[in-house]
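To be precise, the following lines are work-v6.cif, and they hold mmCIF, C-alpha atoms.
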data_start
#
loop_
_atom_site.label_atom_id
_atom_site.label_comp_id
_atom_site.auth_asym_id
_atom_site.auth_seq_id
_atom_site.Cartn_x
_atom_site.Cartn_y
_atom_site.Cartn_z
CA MET Z 24 -32.64 10.68 -46.89
CA HIS Z 25 -32.73 13.26 -44.11
CA THR Z 26 -29.42 13.20 -42.22
CA LYS Z 27 -27.53 15.31 -39.69
CA LEU Z 28 -25.24 16.35 -42.55
CA LEU Z 29 -28.21 17.90 -44.35
CA ASP Z 30 -29.16 19.82 -41.19
CA ASP Z 31 -25.54 20.98 -40.79
CA ILE Z 32 -25.36 22.21 -44.40
CA VAL Z 33 -28.69 24.04 -44.22
CA GLY Z 34 -27.82 25.49 -40.80
CA SER Z 35 -24.50 26.86 -42.11
CA ILE Z 36 -26.34 28.55 -44.99
CA ALA Z 37 -29.25 30.17 -43.17
CA GLY Z 38 -29.11 29.30 -39.46
CA LYS Z 39 -31.26 27.17 -37.13
CA PRO Z 40 -34.64 28.40 -38.52
CA ALA Z 41 -33.62 27.02 -41.94
CA VAL Z 42 -33.15 23.56 -40.39
CA ASP Z 43 -36.67 23.76 -38.92
CA ILE Z 44 -38.04 24.82 -42.32
CA VAL Z 45 -36.34 21.88 -44.07
CA ASN Z 46 -37.88 19.54 -41.48
CA ILE Z 47 -41.30 20.97 -42.34
CA LEU Z 48 -40.82 20.86 -46.13
CA TYR Z 49 -39.12 17.47 -46.35
CA GLY Z 50 -41.32 15.00 -48.25
CA LYS Z 51 -43.98 17.64 -49.02
CA LYS Z 52 -44.79 19.96 -51.92
CA ASN Z 53 -46.13 23.52 -52.16
CA VAL Z 54 -46.33 24.29 -48.43
CA ASN Z 55 -48.04 27.58 -47.54
CA GLU Z 56 -45.51 30.09 -46.17
CA PHE Z 57 -47.94 31.25 -43.48
CA LEU Z 58 -48.14 27.68 -42.20
CA ILE Z 59 -44.31 27.51 -42.16
CA ALA Z 60 -44.09 30.81 -40.24
CA LYS Z 61 -46.64 29.57 -37.70
CA LYS Z 62 -44.81 26.28 -37.13
CA ILE Z 63 -41.37 27.88 -36.63
CA LYS Z 64 -42.90 30.74 -34.57
CA MET Z 65 -41.49 33.55 -36.71
CA THR Z 66 -43.07 36.46 -38.56
CA ILE Z 67 -43.86 35.99 -42.24
CA ASN Z 68 -41.08 38.47 -43.22
CA GLN Z 69 -38.49 36.66 -41.09
CA THR Z 70 -39.61 33.32 -42.57
CA ARG Z 71 -39.40 34.68 -46.11
CA ASN Z 72 -35.85 35.98 -45.48
CA VAL Z 73 -34.71 32.48 -44.47
CA LEU Z 74 -36.49 30.92 -47.45
CA TYR Z 75 -34.91 33.46 -49.82
CA LYS Z 76 -31.45 32.52 -48.50
CA LEU Z 77 -32.17 28.85 -49.22
CA SER Z 78 -33.57 29.85 -52.62
CA ASP Z 79 -30.29 31.66 -53.47
CA PHE Z 80 -28.58 28.25 -53.24
CA GLY Z 81 -31.36 26.62 -55.30
CA LEU Z 82 -32.40 24.44 -52.34
CA VAL Z 83 -36.04 25.58 -52.40
CA SER Z 84 -38.42 26.86 -55.05
CA PHE Z 85 -41.86 28.43 -54.92
CA THR Z 86 -45.11 28.99 -56.72
CA ARG Z 87 -47.33 31.94 -55.86
CA LYS Z 88 -51.05 32.54 -55.85
CA LYS Z 89 -52.80 35.90 -55.83
CA ASP Z 90 -55.60 36.53 -53.35
CA LYS Z 91 -58.35 37.98 -55.57
CA ARG Z 92 -60.06 39.76 -52.68
CA LYS Z 93 -57.03 41.20 -50.88
CA GLY Z 94 -54.74 41.52 -53.92
CA TRP Z 95 -51.59 40.12 -52.31
CA TYR Z 96 -49.56 37.02 -53.18
CA THR Z 97 -49.10 33.94 -51.03
CA TYR Z 98 -46.03 31.80 -51.70
CA PHE Z 99 -45.99 28.00 -51.59
CA TRP Z 100 -42.58 26.39 -51.05
CA THR Z 101 -41.00 23.06 -52.06
CA LEU Z 102 -37.59 21.51 -51.35
CA ASN Z 103 -35.43 20.91 -54.44
CA LEU Z 104 -34.10 17.53 -53.35
CA ASP Z 105 -31.86 17.09 -56.39
CA LYS Z 106 -30.06 20.38 -55.60
CA ILE Z 107 -29.80 19.41 -51.93
CA TYR Z 108 -28.23 16.04 -52.77
CA GLU Z 109 -25.87 17.65 -55.30
CA LEU Z 110 -24.68 20.05 -52.59
CA MET Z 111 -24.34 17.19 -50.08
CA GLU Z 112 -22.33 15.18 -52.64
CA LYS Z 113 -20.01 18.13 -53.25
CA ILE Z 114 -19.42 18.73 -49.53
CA LEU Z 115 -18.92 15.01 -48.84
CA TYR Z 116 -16.36 14.82 -51.66
CA LYS Z 117 -14.36 17.72 -50.14
CA GLU Z 118 -14.64 16.31 -46.62
CA LEU Z 119 -13.52 12.84 -47.70
CA ASP Z 120 -10.61 14.29 -49.66
CA ASN Z 121 -9.53 16.23 -46.57
CA LEU Z 122 -9.87 13.19 -44.26
CA ARG Z 123 -7.95 10.92 -46.64
CA ASN Z 124 -5.13 13.46 -46.82
CA GLN Z 125 -5.06 13.63 -43.01
CA LEU Z 126 -4.94 9.84 -42.76
CA LYS Z 127 -2.14 9.62 -45.33
CA SER Z 128 -0.19 12.29 -43.45
CA ARG Z 129 -0.69 10.46 -40.11
CA LYS Z 130 0.58 7.20 -41.58
CA GLU Z 131 3.57 8.66 -43.43
CA LYS Z 132 4.73 11.47 -41.12
CA ARG Z 133 5.53 11.95 -37.45
CA PHE Z 134 3.47 14.09 -35.10
CA TYR Z 135 4.28 15.47 -31.67
CA ILE Z 136 2.12 16.38 -28.69
CA CYS Z 137 2.29 18.75 -25.75
CA LYS Z 138 0.76 16.69 -22.95
CA THR Z 139 0.17 19.79 -20.81
CA CYS Z 140 -1.92 21.63 -23.45
CA ASP Z 141 -3.02 18.41 -25.20
CA LYS Z 142 -1.97 20.06 -28.48
CA ASP Z 143 -0.92 17.93 -31.45
CA VAL Z 144 1.47 19.35 -34.10
CA SER Z 145 3.32 18.14 -37.20
CA GLU Z 146 7.06 17.48 -37.14
CA GLU Z 147 7.64 20.62 -39.26
CA THR Z 148 5.84 22.79 -36.67
CA ALA Z 149 7.70 21.08 -33.82
CA LEU Z 150 11.03 21.80 -35.55
CA LEU Z 151 10.14 25.46 -36.07
CA ASN Z 152 9.51 25.78 -32.33
CA ASN Z 153 12.58 23.76 -31.23
CA PHE Z 154 10.27 20.95 -30.07
CA SER Z 155 8.81 23.19 -27.35
CA CYS Z 156 5.15 24.16 -26.98
CA ARG Z 157 4.56 27.84 -27.80
CA GLU Z 158 1.78 28.01 -25.22
CA CYS Z 159 3.46 26.59 -22.13
CA GLY Z 160 7.09 25.84 -23.07
CA GLN Z 161 6.69 22.10 -22.37
CA VAL Z 162 8.86 19.81 -24.53
CA TYR Z 163 6.93 17.99 -27.23
CA GLU Z 164 6.71 14.20 -27.15
CA LEU Z 165 6.28 11.88 -30.12
CA ASN Z 166 2.58 11.15 -30.55
CA THR Z 167 2.11 7.42 -31.20
CA ASP Z 168 -1.55 7.25 -30.16
CA PRO Z 169 -3.28 4.79 -32.59
CA LYS Z 170 -6.72 6.23 -31.71
CA ILE Z 171 -6.20 9.18 -34.10
CA ILE Z 172 -5.78 6.88 -37.12
CA LYS Z 173 -8.71 4.71 -36.02
CA GLU Z 174 -10.94 7.78 -35.61
CA LEU Z 175 -9.96 9.07 -39.07
CA GLU Z 176 -10.65 5.65 -40.64
CA SER Z 177 -14.01 5.49 -38.86
CA LYS Z 178 -14.99 8.96 -40.14
CA ILE Z 179 -13.92 8.07 -43.68
CA ASN Z 180 -15.97 4.87 -43.55
CA LYS Z 181 -19.02 6.80 -42.29
CA PHE Z 182 -18.74 9.52 -44.95
CA GLU Z 183 -18.17 6.95 -47.72
CA LYS Z 184 -21.43 5.22 -46.77
CA GLU Z 185 -23.21 8.55 -46.70
CA GLN Z 186 -21.71 9.46 -50.07
CA GLU Z 187 -22.98 6.21 -51.60
CA ALA Z 188 -26.44 6.82 -50.16
CA VAL Z 189 -26.50 10.36 -51.59
CA LYS Z 190 -25.36 9.09 -55.02
CA SER Z 191 -28.11 6.47 -54.93
CA GLU Z 192 -30.76 9.06 -54.03
CA LEU Z 193 -29.52 11.38 -56.79
CA GLU Z 194 -29.62 8.57 -59.33
CA GLU Z 195 -33.21 7.72 -58.37
CA LEU Z 196 -34.26 11.38 -58.60
CA ARG Z 197 -32.61 11.79 -62.01
CA LYS Z 198 -34.35 8.64 -63.25
CA ALA Z 199 -37.67 10.00 -62.00
CA HIS Z 200 -37.03 13.37 -63.71
CA LYS Z 201 -36.08 11.61 -66.95
CA LYS Z 202 -39.20 9.43 -66.80
CA LYS Z 203 -41.36 12.49 -66.17
CA ALA Z 204 -39.71 14.40 -69.04
CA GLU Z 205 -40.22 11.43 -71.39
CA LYS Z 206 -43.86 11.20 -70.33
CA GLU Z 207 -44.35 14.93 -70.93
CA GLU Z 208 -42.63 14.67 -74.32
CA LYS Z 209 -44.86 11.74 -75.27
CA LYS Z 210 -47.93 13.68 -74.17
CA LEU Z 211 -46.80 16.72 -76.19
CA LYS Z 212 -46.18 14.60 -79.31
CA LYS Z 213 -49.64 13.05 -78.93
CA ALA Z 214 -51.22 16.49 -78.58
CA LYS Z 215 -49.35 17.75 -81.67
CA LYS Z 216 -50.41 14.69 -83.65
CA LYS Z 217 -54.02 15.22 -82.58
CA ALA Z 218 -53.80 18.91 -83.54
CA ARG Z 219 -52.35 17.99 -86.97
CA LYS Z 220 -55.19 15.51 -87.55
CA LYS Z 221 -57.73 18.16 -86.55
CA THR Z 222 -56.14 20.71 -88.90
CA LYS Z 223 -56.03 18.13 -91.70
CA LYS Z 224 -59.70 17.31 -91.12
CA LYS Z 225 -60.64 20.99 -91.17
CA LYS Z 226 -58.75 21.47 -94.44
CA LYS Z 227 -60.53 18.45 -95.90
CA VAL Z 228 -63.94 19.81 -94.84
CA HIS Z 229 -63.00 23.23 -96.20
CA LYS Z 230 -61.98 21.68 -99.55
CA LYS Z 231 -65.27 19.78 -99.76
CA LYS Z 232 -67.26 22.95 -99.04
CA ALA Z 233 -65.24 24.87 -101.64
CA LYS Z 234 -65.84 22.08 -104.19
CA LYS Z 235 -69.58 22.15 -103.53
CA LYS Z 236 -69.62 25.92 -103.99
CA ARG Z 237 -67.81 25.58 -107.31
CA LYS Z 238 -70.31 22.96 -108.48
CA LYS Z 239 -73.25 25.20 -107.53
CA LYS Z 240 -71.73 28.08 -109.45
CA LYS Z 241 -71.31 25.88 -112.54
CA LYS Z 242 -74.95 24.73 -112.34
CA LYS Z 243 -76.16 28.33 -112.10
CA LYS Z 244 -74.12 29.24 -115.19
CA THR Z 245 -75.60 26.37 -117.25
#
Go through the file and emit its structure as structure tokens.
Amino acid sequence: MHTKLLDDIVGSIAGKPAVDIVNILYGKKNVNEFLIAKKIKMTINQTRNVLYKLSDFGLVSFTRKKDKRKGWYTYFWTLNLDKIYELMEKILYKELDNLRNQLKSRKEKRFYICKTCDKDVSEETALLNNFSCRECGQVYELNTDPKIIKELESKINKFEKEQEAVKSELEELRKAHKKKAEKEEKKLKKAKKKARKKTKKKKKVHKKKAKKKRKKKKKKKT
């Protein structure tokens, strides 16, 4: 689920190049850093600096491969979608909390506006300034515009939908991780069982050989 919110988050962390990098990495795994640098038209060092910033937040991870001939390492990068969605969920929660508080305040309190500066203030602020705008001196008027409440409700509705989508994506990812872990655990148990059987078989063979040796020794003595 690649949204504008994701681009905004990534952009605030590491700037516009980071958004371009996420667009390149999204839906892919182990992308060569030289290919990334070429696509975003930046040097490899500049590209790495952006990737390291994203890595500091756990949003990307890498594997590296050594060039046997040249002796240097090439890094291959992957988006950590679970970390990205966790961060999106956290930011959406804060944003929704803020918007709901604003909406509650708009419904329960009175706000005033300076129509000259188009500046909206709370009743407390208006009182502190004797109901006059600090910028132009114009007298504040009671702001009864219903558009503000409608806009807040619309934003809340939008973010709630996005929050549900993020939760759904996270749940699917966690299920996939759990399934993979269970598969790996099953594979490991199978390998251990096979190793135990092999060891048991070796011990059995060893015992048989030892028994034969003992029998031969007894025959020689008689």
Just checking: using all atoms listed in the file, which residue out of Z:Cys159, Z:Val144, Z:Leu196, Z:Val73 ends up closest to Z:Ala37?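 Smallest distance to Z:Ala37 is found for Z:Val73.
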Record the distance separating atom CA of Z:Phe99 and atom CA of Z:Lys210, expressed in Å with one decimal.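 Calculated distance between atom CA of Z:Phe99 and atom CA of Z:Lys210 is 26.8 Å.
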Can you list, as a PDB file with C-alpha atoms, in the frame of the given file, every protein, DNA or RNA residue that comes within 8 Å of Z:Asn53 when you count all atoms listed in the file, leaving out same-chain residues fewer than 5 positions away?
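Result file is out.pdb:
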ATOM      1  CA  PHE Z  85     -41.860  28.430 -54.920  1.00  0.00           C
ATOM      2  CA  THR Z  86     -45.110  28.990 -56.720  1.00  0.00           C
ATOM      3  CA  PHE Z  99     -45.990  28.000 -51.590  1.00  0.00           C
ATOM      4  CA  TRP Z 100     -42.580  26.390 -51.050  1.00  0.00           C
ATOM      5  CA  THR Z 101     -41.000  23.060 -52.060  1.00  0.00           C
TER       6      THR Z 101
END
Kindly resolve the PyMOL selection byres ((chain Z and resi 110) around 10) on the present coordinates and return the residues as a list in words.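 Evaluating the PyMOL selection byres ((chain Z and resi 110) around 10) on this file yields Leu29, Ile32, Phe80, Gly81, Leu82, Leu104, Asp105, Lys106, Ile107, Tyr108, Glu109, Met111, Glu112, Lys113, Ile114, Leu115, Tyr116 and Val189 of chain Z.
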What does the distance from atom CA of Z:Glu164 to atom CA of Z:Arg123 come to in Å, to one decimal?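 Atom CA of Z:Arg123 lies at a distance of 24.6 Å from atom CA of Z:Glu164.
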How many Å lie between atom CA of Z:Tyr135 and atom CA of Z:Gly160, rounded to one decimal?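 Distance between the two atoms: 13.8 Å.
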Shortest interatomic distance to Z:Ala188 - which of Z:Glu158, Z:Thr26, Z:Leu74, Z:Leu122, counting all atoms listed in the file: Z:Thr26
As a short mmCIF file (atom, residue, chain, number, x, y, z; two decimals), keeping the file's coordinate frame, please: stretch 101-114 of chain Z completed to N, CA and C atoms.
data_model
loop_
_atom_site.label_atom_id
_atom_site.label_comp_id
_atom_site.auth_asym_id
_atom_site.auth_seq_id
_atom_site.Cartn_x
_atom_site.Cartn_y
_atom_site.Cartn_z
N THR Z 101 -41.35 24.48 -51.89
CA THR Z 101 -41.00 23.06 -52.06
C THR Z 101 -39.48 22.90 -52.01
N LEU Z 102 -39.03 21.82 -51.38
CA LEU Z 102 -37.59 21.51 -51.35
C LEU Z 102 -37.16 20.97 -52.71
N ASN Z 103 -36.02 21.45 -53.20
CA ASN Z 103 -35.43 20.91 -54.44
C ASN Z 103 -34.43 19.83 -54.03
N LEU Z 104 -34.93 18.61 -53.87
CA LEU Z 104 -34.10 17.53 -53.35
C LEU Z 104 -32.87 17.24 -54.21
N ASP Z 105 -33.02 17.36 -55.54
CA ASP Z 105 -31.86 17.09 -56.39
C ASP Z 105 -30.73 18.08 -56.11
N LYS Z 106 -31.07 19.36 -55.91
CA LYS Z 106 -30.06 20.38 -55.60
C LYS Z 106 -29.45 20.13 -54.22
N ILE Z 107 -30.28 19.70 -53.28
CA ILE Z 107 -29.80 19.41 -51.93
C ILE Z 107 -28.79 18.26 -51.97
N TYR Z 108 -29.13 17.20 -52.69
CA TYR Z 108 -28.23 16.04 -52.77
C TYR Z 108 -26.95 16.37 -53.53
N GLU Z 109 -27.06 17.22 -54.55
CA GLU Z 109 -25.87 17.65 -55.30
C GLU Z 109 -24.92 18.42 -54.39
N LEU Z 110 -25.50 19.29 -53.54
CA LEU Z 110 -24.68 20.05 -52.59
C LEU Z 110 -24.06 19.13 -51.55
N MET Z 111 -24.85 18.17 -51.06
CA MET Z 111 -24.34 17.19 -50.08
C MET Z 111 -23.20 16.38 -50.69
N GLU Z 112 -23.35 15.97 -51.95
CA GLU Z 112 -22.33 15.18 -52.64
C GLU Z 112 -21.03 15.97 -52.76
N LYS Z 113 -21.17 17.25 -53.10
CA LYS Z 113 -20.01 18.13 -53.25
C LYS Z 113 -19.26 18.30 -51.93
N ILE Z 114 -20.02 18.53 -50.86
CA ILE Z 114 -19.42 18.73 -49.53
C ILE Z 114 -18.78 17.43 -49.03
#
